[in-house]
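Q: For reference, the file final-v3.csv (CSV, C-alpha atoms) is included below:
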chain,number,residue,atom,x,y,z
M,242,MET,CA,76.3,124.0,44.1
M,243,ALA,CA,80.1,124.4,44.2
M,244,ASN,CA,82.3,123.6,41.2
M,245,VAL,CA,85.4,121.8,42.6
M,246,LEU,CA,88.3,121.4,40.2
M,247,CYS,CA,90.9,118.9,41.3
M,248,VAL,CA,94.2,118.3,39.6
M,249,LEU,CA,96.0,115.0,40.4
M,250,TYR,CA,98.8,113.1,38.7
M,251,ASP,CA,98.2,110.4,36.1
M,252,ASP,CA,97.1,106.8,36.9
M,253,PRO,CA,99.7,104.0,37.0
M,254,VAL,CA,100.9,103.0,33.5
M,255,ASP,CA,99.5,99.5,34.0
M,256,GLY,CA,96.1,100.7,35.1
M,257,TYR,CA,94.2,101.5,38.2
M,258,PRO,CA,94.0,100.2,40.9
M,259,PRO,CA,97.4,98.7,41.3
M,260,THR,CA,98.2,95.5,43.2
M,261,TYR,CA,99.0,96.7,46.7
M,262,ALA,CA,102.0,95.3,48.5
M,263,ARG,CA,100.3,95.5,51.9
M,264,GLU,CA,96.7,95.1,53.1
M,265,GLU,CA,96.8,98.0,55.6
M,266,ILE,CA,98.9,100.9,56.9
M,267,PRO,CA,99.6,101.9,60.5
M,268,ARG,CA,97.0,104.2,62.1
M,269,ILE,CA,98.6,107.5,63.1
M,270,GLU,CA,96.5,109.8,65.3
M,271,GLY,CA,98.9,112.6,66.3
M,272,TYR,CA,102.1,114.3,65.4
M,273,HIS,CA,105.3,115.1,67.4
M,274,ASP,CA,104.1,118.5,68.4
M,275,GLY,CA,100.7,117.3,69.7
M,276,GLN,CA,98.7,118.3,66.6
M,277,SER,CA,96.1,115.7,65.8
M,278,THR,CA,95.9,114.1,62.4
M,279,PRO,CA,93.0,115.1,60.2
M,280,THR,CA,89.5,114.6,61.7
M,281,PRO,CA,86.9,114.7,58.9
M,282,GLU,CA,83.4,113.6,59.6
M,283,GLY,CA,84.0,110.6,57.2
M,284,ILE,CA,86.3,109.3,54.5
M,285,GLY,CA,85.4,107.8,51.2
M,286,PHE,CA,88.4,105.5,50.9
M,287,GLN,CA,90.3,102.7,52.5
M,288,PRO,CA,93.6,103.9,54.0
M,289,GLY,CA,96.5,102.5,52.0
M,290,GLU,CA,94.7,103.0,48.6
M,291,LEU,CA,96.3,105.0,45.8
M,292,LEU,CA,94.4,108.3,46.2
M,293,GLY,CA,96.7,110.9,44.6
M,294,CYS,CA,96.1,109.9,41.0
M,295,VAL,CA,93.2,110.8,38.8
M,296,SER,CA,91.2,107.6,39.4
M,297,GLY,CA,91.9,107.9,43.2
M,298,GLU,CA,90.1,111.3,43.3
M,299,LEU,CA,91.4,111.8,46.9
M,300,GLY,CA,88.3,109.7,47.8
M,301,LEU,CA,86.1,112.9,47.4
M,302,ARG,CA,83.6,112.1,44.7
M,303,SER,CA,80.9,110.4,46.7
M,304,PHE,CA,81.1,113.0,49.4
M,305,LEU,CA,80.9,116.0,47.1
M,306,GLU,CA,78.3,114.7,44.7
M,307,GLY,CA,76.3,113.4,47.6
M,308,ARG,CA,76.0,117.0,48.7
M,309,GLY,CA,75.0,118.2,45.3
M,310,HIS,CA,78.4,119.7,44.2
M,311,ARG,CA,80.3,119.1,40.9
M,312,LEU,CA,83.7,117.5,40.9
M,313,THR,CA,86.1,117.6,38.0
M,314,VAL,CA,89.3,115.6,38.3
M,315,THR,CA,92.1,115.9,35.7
M,316,ALA,CA,95.8,115.5,35.2
M,317,ASP,CA,95.7,117.9,32.2
M,318,LYS,CA,96.9,121.1,33.7
M,319,ASP,CA,99.3,123.0,31.4
M,320,GLY,CA,98.7,125.1,28.4
M,321,PRO,CA,95.7,127.2,27.2
M,322,ASP,CA,93.8,124.2,25.9
M,323,SER,CA,94.2,122.1,29.1
M,324,VAL,CA,91.2,120.8,31.0
M,325,PHE,CA,92.4,122.9,34.0
M,326,GLU,CA,92.4,126.1,31.9
M,327,ARG,CA,88.9,125.4,30.5
M,328,GLU,CA,87.3,124.6,33.8
M,329,LEU,CA,89.1,127.3,35.9
M,330,PRO,CA,86.8,130.2,35.1
M,331,ASN,CA,83.8,128.5,36.8
M,332,ALA,CA,85.7,126.9,39.7
M,333,GLU,CA,84.9,127.9,43.2
M,334,VAL,CA,87.5,125.5,44.7
M,335,VAL,CA,90.8,124.3,43.2
M,336,ILE,CA,92.6,121.3,44.8
M,337,SER,CA,96.1,120.5,43.7
M,338,GLN,CA,99.1,118.5,45.0
M,339,PRO,CA,102.7,119.8,45.2
M,340,PHE,CA,103.8,116.7,43.2
M,341,TRP,CA,101.8,117.6,40.1
M,342,PRO,CA,101.0,121.3,40.8
M,343,ALA,CA,98.3,123.3,39.1
M,344,TYR,CA,100.2,126.6,39.1
M,345,LEU,CA,97.7,129.3,40.1
M,346,THR,CA,99.5,132.3,38.7
M,347,ALA,CA,98.2,135.8,39.0
M,348,GLU,CA,97.0,135.6,35.4
M,349,ARG,CA,95.0,132.4,36.1
M,350,ILE,CA,93.5,133.8,39.3
M,351,ALA,CA,92.4,136.8,37.3
M,352,LYS,CA,90.5,134.5,34.9
M,353,ALA,CA,88.7,132.8,37.8
M,354,PRO,CA,86.2,135.3,39.2
M,355,GLU,CA,84.4,132.5,41.2
M,356,LEU,CA,87.5,131.1,42.8
M,357,LYS,CA,87.4,131.4,46.6
M,358,LEU,CA,89.4,128.5,48.0
M,359,ALA,CA,92.7,126.9,46.9
M,360,VAL,CA,93.5,123.7,48.8
M,361,THR,CA,96.9,122.0,48.7
M,362,ALA,CA,96.5,118.3,49.2
M,363,GLY,CA,99.7,117.9,51.1
M,364,ILE,CA,102.1,120.7,52.3
M,365,GLY,CA,103.7,123.5,50.3
M,366,SER,CA,101.4,126.1,48.6
M,367,ASP,CA,104.1,128.0,46.6
M,368,HIS,CA,102.3,126.9,43.4
M,369,VAL,CA,99.8,129.6,44.3
M,370,ASP,CA,100.7,133.2,43.7
M,371,LEU,CA,100.1,134.1,47.3
M,372,GLN,CA,100.1,137.9,46.8
M,373,ALA,CA,97.5,137.5,44.0
M,374,ALA,CA,95.5,135.3,46.3
M,375,ILE,CA,95.6,137.9,49.0
M,376,GLU,CA,94.5,140.6,46.6
M,377,HIS,CA,91.7,138.4,45.2
M,378,GLY,CA,90.3,137.7,48.7
M,379,MET,CA,90.9,134.0,48.4
M,380,THR,CA,91.5,131.5,51.1
M,381,VAL,CA,94.5,129.2,50.6
M,382,ALA,CA,94.8,126.1,52.8
M,383,GLU,CA,97.1,123.1,53.1
M,384,VAL,CA,97.1,119.9,55.2
M,385,THR,CA,99.9,121.0,57.5
M,386,TYR,CA,102.1,118.2,58.9
M,387,SER,CA,100.2,115.5,56.9
M,388,ASN,CA,103.3,114.3,55.0
M,389,SER,CA,106.1,116.0,56.9
M,390,ILE,CA,107.4,112.7,58.4
M,391,SER,CA,107.1,111.1,55.0
M,392,VAL,CA,109.5,113.7,53.6
M,393,ALA,CA,111.9,113.5,56.6
M,394,GLU,CA,112.2,109.7,56.0
M,395,HIS,CA,112.9,110.4,52.3
M,396,VAL,CA,115.7,112.9,53.3
M,397,VAL,CA,117.4,110.3,55.4
M,398,MET,CA,117.1,107.7,52.7
M,399,MET,CA,118.6,110.1,50.1
M,400,ILE,CA,121.5,111.1,52.4
M,401,LEU,CA,122.5,107.4,52.9
M,402,GLY,CA,121.9,106.7,49.2
M,403,LEU,CA,124.4,109.4,48.2
M,404,VAL,CA,127.0,108.9,50.9
M,405,ARG,CA,127.0,105.1,50.5
M,406,ASN,CA,126.9,105.3,46.7
M,407,TYR,CA,123.8,103.0,46.7
M,408,ILE,CA,122.3,103.8,43.3
M,409,PRO,CA,125.4,103.0,41.2
M,410,SER,CA,126.0,99.9,43.3
M,411,TYR,CA,122.5,98.7,42.6
M,412,LYS,CA,122.9,99.4,38.9
M,413,TRP,CA,126.0,97.1,38.8
M,414,VAL,CA,123.7,94.3,40.1
M,415,ILE,CA,121.0,95.0,37.6
M,416,ASP,CA,123.5,95.0,34.8
M,417,GLY,CA,124.8,91.6,35.9
M,418,GLY,CA,128.1,92.8,37.4
M,419,TRP,CA,130.0,92.3,40.6
M,420,ASN,CA,132.3,95.2,40.5
M,421,ILE,CA,133.0,95.9,44.2
M,422,ALA,CA,135.8,98.3,43.6
M,423,ASP,CA,133.7,100.5,41.4
M,424,CYS,CA,130.8,100.4,43.9
M,425,VAL,CA,132.9,101.5,46.9
M,426,SER,CA,135.2,104.0,45.2
M,427,ARG,CA,132.6,106.7,46.1
M,428,SER,CA,131.2,105.1,49.2
M,429,TYR,CA,131.7,106.5,52.7
M,430,ASP,CA,130.3,106.2,56.2
M,431,LEU,CA,127.9,108.9,57.4
M,432,GLU,CA,129.2,108.4,61.0
M,433,GLY,CA,131.3,111.4,62.1
M,434,MET,CA,130.1,113.7,59.3
M,435,GLN,CA,128.7,117.1,60.0
M,436,VAL,CA,125.1,117.4,58.8
M,437,GLY,CA,123.0,120.6,58.6
M,438,THR,CA,119.5,121.5,57.8
M,439,VAL,CA,118.4,124.8,56.2
M,440,ALA,CA,115.2,125.3,58.3
M,441,ALA,CA,114.2,123.3,61.3
M,442,GLY,CA,110.4,123.3,61.2
M,443,ARG,CA,108.4,120.2,61.2
M,444,ILE,CA,110.4,118.5,58.4
M,445,GLY,CA,113.8,119.8,59.4
M,446,SER,CA,113.5,119.0,63.0
M,447,ALA,CA,112.2,115.5,62.2
M,448,VAL,CA,115.3,115.0,60.0
M,449,LEU,CA,117.5,116.0,63.0
M,450,ARG,CA,115.7,113.6,65.3
M,451,ARG,CA,116.1,110.8,62.9
M,452,LEU,CA,119.8,111.5,62.2
M,453,LYS,CA,120.9,111.9,65.9
M,454,PRO,CA,121.4,108.1,66.4
M,455,PHE,CA,123.8,108.1,63.4
M,456,GLU,CA,126.4,109.8,65.6
M,457,VAL,CA,126.9,112.8,63.4
M,458,GLY,CA,127.4,116.4,64.2
M,459,LEU,CA,124.1,118.2,63.8
M,460,HIS,CA,123.6,121.8,62.7
M,461,TYR,CA,120.7,124.0,61.6
M,462,THR,CA,119.8,127.5,60.6
M,463,ASP,CA,116.3,129.0,60.7
M,464,ARG,CA,114.7,132.4,61.1
M,465,HIS,CA,112.8,130.9,64.1
M,466,ARG,CA,115.4,129.5,66.5
M,467,LEU,CA,114.6,126.3,68.4
M,468,THR,CA,114.3,126.5,72.2
M,469,ASP,CA,117.4,125.9,74.3
M,470,GLU,CA,115.7,122.7,75.6
M,471,VAL,CA,115.2,121.3,72.1
M,472,GLU,CA,118.8,122.3,71.0
M,473,ARG,CA,120.2,120.4,74.0
M,474,GLU,CA,117.9,117.4,73.4
M,475,LEU,CA,119.1,117.1,69.8
M,476,GLY,CA,122.7,118.2,70.4
M,477,VAL,CA,122.3,120.6,67.5
M,478,THR,CA,124.4,123.7,66.8
M,479,PHE,CA,122.6,126.9,65.6
M,480,HIS,CA,124.0,129.0,62.8
M,481,PRO,CA,122.7,132.6,62.3
M,482,THR,CA,123.2,132.4,58.5
M,483,VAL,CA,123.0,129.7,55.8
M,484,GLU,CA,126.6,130.7,54.8
M,485,SER,CA,128.0,129.8,58.2
M,486,LEU,CA,126.2,126.5,58.1
M,487,VAL,CA,127.3,125.3,54.7
M,488,GLU,CA,130.9,126.1,55.4
M,489,VAL,CA,131.2,123.5,58.1
M,490,CYS,CA,128.8,120.7,56.9
M,491,ASP,CA,129.6,117.6,54.8
M,492,VAL,CA,125.9,117.1,54.1
M,493,VAL,CA,123.3,119.9,53.8
M,494,THR,CA,119.6,119.2,53.6
M,495,ILE,CA,117.1,121.9,52.5
M,496,ASN,CA,113.8,121.9,54.3
M,497,ALA,CA,112.6,125.5,53.9
M,498,PRO,CA,109.5,126.7,52.2
M,499,LEU,CA,109.8,128.5,48.9
M,500,HIS,CA,109.1,132.2,49.0
M,501,PRO,CA,111.0,135.3,47.6
M,502,GLU,CA,113.7,135.1,50.3
M,503,THR,CA,114.6,131.5,49.6
M,504,GLU,CA,114.2,131.5,45.8
M,505,ASN,CA,117.6,130.7,44.2
M,506,MET,CA,119.2,130.7,47.7
M,507,PHE,CA,121.7,128.0,46.6
M,508,ASP,CA,123.3,129.8,43.7
M,509,ALA,CA,126.8,129.5,42.4
M,510,GLU,CA,128.2,131.7,45.1
M,511,LEU,CA,126.7,129.7,48.0
M,512,LEU,CA,127.6,126.4,46.4
M,513,ALA,CA,131.2,127.6,46.2
M,514,ARG,CA,131.2,128.2,50.0
M,515,MET,CA,130.3,124.6,50.7
M,516,LYS,CA,133.0,122.1,51.5
M,517,TRP,CA,134.5,120.5,48.5
M,518,GLY,CA,132.9,117.2,47.9
M,519,SER,CA,129.9,117.8,50.1
M,520,TYR,CA,126.4,116.5,49.5
M,521,LEU,CA,123.2,118.5,49.0
M,522,ILE,CA,119.7,117.1,49.5
M,523,ASN,CA,116.7,119.1,48.4
M,524,THR,CA,113.2,117.8,49.1
M,525,ALA,CA,111.9,121.3,49.7
M,526,ARG,CA,111.4,123.1,46.4
M,527,GLY,CA,113.4,123.0,43.2
M,528,LYS,CA,113.5,126.8,42.8
M,529,ILE,CA,115.4,127.1,46.1
M,530,CYS,CA,118.4,126.0,44.0
M,531,ASP,CA,119.9,127.5,40.9
M,532,ARG,CA,119.3,124.7,38.4
M,533,ASP,CA,122.4,125.2,36.2
M,534,ALA,CA,124.7,126.0,39.1
M,535,VAL,CA,123.8,122.7,40.8
M,536,ALA,CA,124.5,120.8,37.6
M,537,ARG,CA,127.9,122.5,37.2
M,538,ALA,CA,128.8,121.8,40.9
M,539,CYS,CA,128.1,118.1,40.3
M,540,GLU,CA,130.2,118.1,37.1
M,541,SER,CA,133.1,119.9,38.8
M,542,GLY,CA,133.1,117.8,42.0
M,543,GLN,CA,132.3,120.8,44.2
M,544,LEU,CA,129.3,118.6,45.1
M,545,ALA,CA,130.0,114.9,45.5
M,546,GLY,CA,126.3,114.4,45.0
M,547,TYR,CA,122.9,116.1,44.7
M,548,ALA,CA,119.6,114.3,45.5
M,549,GLY,CA,116.1,115.4,45.9
M,550,ASP,CA,112.6,114.9,44.5
M,551,VAL,CA,111.7,118.5,43.8
M,552,TRP,CA,112.1,120.3,40.5
M,553,PHE,CA,111.0,123.5,38.8
M,554,PRO,CA,108.8,123.4,36.9
M,555,GLN,CA,106.9,120.2,37.8
M,556,PRO,CA,106.8,118.0,35.9
M,557,ALA,CA,110.3,118.7,34.8
M,558,PRO,CA,111.0,119.0,31.0
M,559,GLN,CA,112.8,116.0,29.6
M,560,ASP,CA,115.9,118.0,28.9
M,561,HIS,CA,116.2,119.3,32.5
M,562,PRO,CA,119.9,119.0,33.4
M,563,TRP,CA,119.2,117.3,36.7
M,564,ARG,CA,118.1,114.3,34.8
M,565,SER,CA,121.6,113.8,33.3
M,566,MET,CA,124.1,115.4,35.6
M,567,PRO,CA,126.6,113.1,37.3
M,568,HIS,CA,126.3,111.7,40.8
M,569,HIS,CA,122.7,112.6,41.3
M,570,GLY,CA,120.0,110.7,43.2
M,571,MET,CA,116.9,112.4,41.8
M,572,THR,CA,113.4,111.0,41.9
M,573,PRO,CA,110.1,112.4,40.7
M,574,HIS,CA,108.3,114.4,43.5
M,575,THR,CA,107.4,111.3,45.6
M,576,SER,CA,108.7,112.0,49.1
M,577,GLY,CA,105.4,113.3,50.4
M,578,THR,CA,103.0,111.1,48.5
M,579,SER,CA,103.5,107.7,49.9
M,580,LEU,CA,100.3,105.7,50.4
M,581,SER,CA,100.6,106.3,54.1
M,582,ALA,CA,100.8,110.1,53.5
M,583,GLN,CA,98.0,110.0,51.0
M,584,ALA,CA,95.6,108.7,53.6
M,585,ARG,CA,96.3,111.7,55.8
M,586,TYR,CA,96.3,114.4,53.3
M,587,ALA,CA,93.2,113.1,51.5
M,588,ALA,CA,91.4,113.1,54.9
M,589,GLY,CA,92.7,116.6,55.6
M,590,THR,CA,91.5,117.8,52.3
M,591,ARG,CA,88.0,116.5,53.1
M,592,GLU,CA,88.2,118.1,56.5
M,593,ILE,CA,89.0,121.5,54.9
M,594,LEU,CA,86.1,121.0,52.4
M,595,GLU,CA,83.6,120.0,55.1
M,596,CYS,CA,84.5,123.2,57.0
M,597,TRP,CA,84.3,125.4,54.0
M,598,LEU,CA,81.1,124.1,52.7
M,599,ASP,CA,79.4,124.1,56.1
M,600,GLY,CA,80.6,127.7,56.9
M,601,ARG,CA,82.8,126.5,59.8
M,602,PRO,CA,86.3,127.8,60.5
M,603,ILE,CA,89.1,125.9,58.9
M,604,ARG,CA,91.8,124.8,61.4
M,605,GLU,CA,94.2,127.7,61.9
M,606,GLU,CA,97.2,125.4,61.4
M,607,TYR,CA,95.9,124.6,57.9
M,608,LEU,CA,95.5,128.2,56.8
M,609,ILE,CA,98.1,129.9,54.5
M,610,VAL,CA,96.1,132.9,53.3
M,611,ASP,CA,92.8,134.1,54.8
M,612,GLY,CA,91.0,137.4,55.3
M,613,GLY,CA,93.3,139.2,52.9
M,614,LYS,CA,96.6,138.3,54.6
M,615,LEU,CA,98.9,135.5,55.4
M,616,ALA,CA,97.4,133.4,58.2
M,617,GLY,CA,98.0,130.3,60.4
M,618,ALA,CA,100.9,128.3,59.1
M,619,GLY,CA,101.3,130.7,56.3
M,620,ALA,CA,102.1,133.6,58.6
M,621,HIS,CA,104.9,131.5,60.2
M,622,SER,CA,106.4,130.0,57.0
M,623,TYR,CA,105.8,132.2,54.0
M,624,SER,CA,106.3,135.7,52.8
M,625,ALA,CA,103.7,137.3,50.5
M,626,GLY,CA,104.8,137.1,46.9
M,627,ASN,CA,105.0,135.0,43.8
M,628,ALA,CA,107.0,131.9,43.1
M,629,THR,CA,105.1,130.7,40.1
M,630,GLY,CA,107.1,132.7,37.4
M,631,GLY,CA,108.3,130.4,34.7
M,632,SER,CA,105.8,127.6,35.5
M,633,GLU,CA,104.6,127.6,31.9
M,634,GLU,CA,107.7,125.6,31.0
M,635,ALA,CA,106.0,122.6,32.5
M,636,ALA,CA,104.0,122.2,29.3
M,637,ARG,CA,107.3,121.0,27.7
M,638,PHE,CA,107.2,117.8,29.7
M,639,LYS,CA,104.9,116.0,27.3
M,640,ALA,CA,106.1,117.9,24.2
M,641,GLY,CA,109.7,117.0,24.8
Now, as a test, write the supplied structure out as structure tokens.
A:
Amino acid sequence: MANVLCVLYDDPVDGYPPTYAREEIPRIEGYHDGQSTPTPEGIGFQPGELLGCVSGELGLRSFLEGRGHRLTVTADKDGPDSVFERELPNAEVVISQPFWPAYLTAERIAKAPELKLAVTAGIGSDHVDLQAAIEHGMTVAEVTYSNSISVAEHVVMMILGLVRNYIPSYKWVIDGGWNIADCVSRSYDLEGMQVGTVAAGRIGSAVLRRLKPFEVGLHYTDRHRLTDEVERELGVTFHPTVESLVEVCDVVTINAPLHPETENMFDAELLARMKWGSYLINTARGKICDRDAVARACESGQLAGYAGDVWFPQPAPQDHPWRSMPHHGMTPHTSGTSLSAQARYAAGTREILECWLDGRPIREEYLIVDGGKLAGAGAHSYSAGNATGGSEEAARFKAG
């Protein structure tokens, strides 16, 4: 029997299940690069259901218990008395989402002698100390590409939301006003602007494809350059450094994984090199940006706006400056957990578990760490190291 410990976000405040707006979601069978969507032997849910919260259980309970395994699902993940901390020493498998991450620090991994597999239900495994996982002999896997397009759509929405000053305009309506001059005093057209992405992997390239019809100048930087054919297709300009990219762009979107080389990349010095009054979008990871430097840039006008849905730690303490800084468009970490995305990453989580429990190889593109080294998608996207430092601050969310 395997002990499976699953950390998911809280149920809706009005109870579970919610009333759904739609009866079904489109069926997606493949991604842009030809990779197929998850192919588990079965699923224990109806696509379009809310699966990422505690009562949703990623649709895993009947599958796991039917095979004689034990499943514990909780949202209580921070602090020494949390359910996660109590259950971890006996867990063989830990499942967590990036939106409500169970931070697997080196200290926690050391307390979990039975832990063999960490699964990210979604993409982005930086809440696991990858170096510690390597040393511990663990496998780390995520459902690669499952919610990449979900995030790319969110990026485009946030760019338009900032540039067109949507949120303050909406607030005028909610407050009963009709103050057009106030609404448009910070509203511009995106057309003709220069837009750049830091990283052009699955999410970054999807953002570029979606922005091309807006008739903007497109730019990117990445340690893996796109092919000449793709650059011509997108009409995109390559920049060898992030500095050369931000100096020419009106809008910059961050779509890079978090690892030691990207942590605090957007510090005060890099923000100062951006065009005055530019916009910064971050749906990658909060720790890629210097928290206080971003807040100061919004206050000074160096940034005309900052939007994103990633914070550090997550959940963000209630006094986090990004909650109150001017001209922001922040949301909780929701870009990759739409109901459409949940159907894919829940199915992918089950596919990974089926392979693991049956002793079959996990898809290479799902692997982050395996066999004592970075593997699969992890070898392409990550560097061995630890990005979990400071995660204990998440406990302040409910205390604040």
Q: Rounded to one decimal, what separation in Å do you get between CA of Gln583 in chain M and CA of Gly285 in chain M?
A: 12.8 Å
Q: Contacts between range 510-531 of chain M and range 327-431 of chain M, please, where a residue of range 327-431 of chain M counts if it comes within 9 Å (with all atoms listed in the file); show its shortest atom pair and distance in Å to one decimal, rows by chain and ascending number, as CSV.
A:
residue,atom,partner,partner_atom,distance
M:Gly365,CA,M:Ala525,CA,8.5
M:Asp367,CA,M:Arg526,CA,8.8
M:Val392,CA,M:Thr524,CA,7.1
M:Ala393,CA,M:Thr524,CA,8.7
M:His395,CA,M:Thr524,CA,8.1
M:Val396,CA,M:Thr524,CA,6.9
M:Met399,CA,M:Ile522,CA,7.1
M:Ile400,CA,M:Ile522,CA,6.9
M:Leu403,CA,M:Tyr520,CA,7.5
M:Val404,CA,M:Tyr520,CA,7.8
Q: Go through range 363-386 of chain M residue by residue and, counting all atoms listed in the file, keep those with an atom at most 12 Å from range 424-444 of chain M; for each kept residue give the shortest atom pair and its distance in Å to one decimal, ordered by chain and increasing number, as CSV.
A:
residue,atom,partner,partner_atom,distance
M:Ile364,CA,M:Ile444,CA,10.5
M:Gly365,CA,M:Ile444,CA,11.6
M:Thr385,CA,M:Arg443,CA,9.3
M:Tyr386,CA,M:Arg443,CA,7.0
Q: Write out, as a compact mmCIF listing (two decimals), in the coordinates of the input, the residues just selected, with C-alpha atoms.
A:
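Okay, out-v2.txt is ready:
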# COMPACT_ATOMS: atom_id res chain seq x y z
CA ILE M 364 102.10 120.70 52.30
CA GLY M 365 103.70 123.50 50.30
CA THR M 385 99.90 121.00 57.50
CA TYR M 386 102.10 118.20 58.90
Q: Using only C-alpha atoms, which residue out of M:Pro330, M:Pro281, M:Gly297, M:Pro501 lies closest to Asn244 in chain M?
A: M:Pro330
Q: Calculate how many Å separate CA of Ala332 in chain M from CA of Leu356 in chain M, rounding to one decimal.
A: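 Taking CA of Ala332 in chain M and CA of Leu356 in chain M, their separation equals 5.5 Å.
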Q: Residues near Thr315 in chain M, anyone? I mean within 7 Å using only C-alpha atoms, not counting same-chain ones fewer than 4 positions away, as a ChimeraX atom specification.
A: /M:247-249,295,324
Q: Skip range 288-293 of chain M itself and residues of its chain fewer than 2 positions away, then list as a PyMOL selection string all residues within 12 Å of it, counting only C-alpha atoms.
A: chain M and resi 247-253+256-269+284-286+295-302+314-316+336-342+361-363+575+577-588+590
Q: For the residues in that selection, give me C-alpha atoms as a CSV table (one decimal), keeping the file's coordinate frame.
A:
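Output below, filename again-v3.csv:
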chain,number,residue,atom,x,y,z
M,247,CYS,CA,90.9,118.9,41.3
M,248,VAL,CA,94.2,118.3,39.6
M,249,LEU,CA,96.0,115.0,40.4
M,250,TYR,CA,98.8,113.1,38.7
M,251,ASP,CA,98.2,110.4,36.1
M,252,ASP,CA,97.1,106.8,36.9
M,253,PRO,CA,99.7,104.0,37.0
M,256,GLY,CA,96.1,100.7,35.1
M,257,TYR,CA,94.2,101.5,38.2
M,258,PRO,CA,94.0,100.2,40.9
M,259,PRO,CA,97.4,98.7,41.3
M,260,THR,CA,98.2,95.5,43.2
M,261,TYR,CA,99.0,96.7,46.7
M,262,ALA,CA,102.0,95.3,48.5
M,263,ARG,CA,100.3,95.5,51.9
M,264,GLU,CA,96.7,95.1,53.1
M,265,GLU,CA,96.8,98.0,55.6
M,266,ILE,CA,98.9,100.9,56.9
M,267,PRO,CA,99.6,101.9,60.5
M,268,ARG,CA,97.0,104.2,62.1
M,269,ILE,CA,98.6,107.5,63.1
M,284,ILE,CA,86.3,109.3,54.5
M,285,GLY,CA,85.4,107.8,51.2
M,286,PHE,CA,88.4,105.5,50.9
M,295,VAL,CA,93.2,110.8,38.8
M,296,SER,CA,91.2,107.6,39.4
M,297,GLY,CA,91.9,107.9,43.2
M,298,GLU,CA,90.1,111.3,43.3
M,299,LEU,CA,91.4,111.8,46.9
M,300,GLY,CA,88.3,109.7,47.8
M,301,LEU,CA,86.1,112.9,47.4
M,302,ARG,CA,83.6,112.1,44.7
M,314,VAL,CA,89.3,115.6,38.3
M,315,THR,CA,92.1,115.9,35.7
M,316,ALA,CA,95.8,115.5,35.2
M,336,ILE,CA,92.6,121.3,44.8
M,337,SER,CA,96.1,120.5,43.7
M,338,GLN,CA,99.1,118.5,45.0
M,339,PRO,CA,102.7,119.8,45.2
M,340,PHE,CA,103.8,116.7,43.2
M,341,TRP,CA,101.8,117.6,40.1
M,342,PRO,CA,101.0,121.3,40.8
M,361,THR,CA,96.9,122.0,48.7
M,362,ALA,CA,96.5,118.3,49.2
M,363,GLY,CA,99.7,117.9,51.1
M,575,THR,CA,107.4,111.3,45.6
M,577,GLY,CA,105.4,113.3,50.4
M,578,THR,CA,103.0,111.1,48.5
M,579,SER,CA,103.5,107.7,49.9
M,580,LEU,CA,100.3,105.7,50.4
M,581,SER,CA,100.6,106.3,54.1
M,582,ALA,CA,100.8,110.1,53.5
M,583,GLN,CA,98.0,110.0,51.0
M,584,ALA,CA,95.6,108.7,53.6
M,585,ARG,CA,96.3,111.7,55.8
M,586,TYR,CA,96.3,114.4,53.3
M,587,ALA,CA,93.2,113.1,51.5
M,588,ALA,CA,91.4,113.1,54.9
M,590,THR,CA,91.5,117.8,52.3
Q: So that I can see what lies close to range 609-618 of chain M, please list as a PyMOL selection string the residues with an atom at most 6 Å from it, counting only C-alpha atoms and leaving out residues fewer than 4 positions away in the same chain.
A: chain M and resi 375+378+380-382+605
Q: Would you save the residues of that selection, restricted to C-alpha atoms, as a CSV table (one decimal), in the coordinates of the input?
A:
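result.csv written:
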chain,number,residue,atom,x,y,z
M,375,ILE,CA,95.6,137.9,49.0
M,378,GLY,CA,90.3,137.7,48.7
M,380,THR,CA,91.5,131.5,51.1
M,381,VAL,CA,94.5,129.2,50.6
M,382,ALA,CA,94.8,126.1,52.8
M,605,GLU,CA,94.2,127.7,61.9
Q: What is the distance between CA of Cys490 in chain M and CA of Arg405 in chain M, in Å to one decimal?
A: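 The value is 17.0 Å.
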Q: Nearest residue to His273 in chain M out of M:Val245, M:Val414, M:Leu598, M:Ala447, using only C-alpha atoms?
A: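 Smallest distance to His273 in chain M is found for M:Ala447.
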Q: Write out as a list in words the residues lying within 8 Å of Phe479 in chain M, counting all atoms listed in the file and excluding same-chain residues fewer than 4 positions away.
A: His460, Tyr461, Thr462 and Arg466 of chain M
Q: For His500 in chain M, please output as a list in words all residues within 7 Å (counting all atoms listed in the file; exclusion window: fewer than 6 positions along the same chain).
A: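 Here the answer would be Asp367, Tyr623, Ser624, Gly626 and Ala628 of chain M.
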Q: Under the rule that only C-alpha atoms are counted, which of M:Glu326, M:Glu376, M:Asp550, M:Glu306 is the nearest residue to Lys357 in chain M?
A: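 Smallest distance to Lys357 in chain M is found for M:Glu376.
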Q: Have a look at M:Glu504, M:Leu459, M:Thr280, M:Thr494 and name the one nearest to Cys596 in chain M; count only C-alpha atoms.
A: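 Comparing M:Glu504, M:Leu459, M:Thr280, M:Thr494 against Cys596 in chain M, the winner is M:Thr280.
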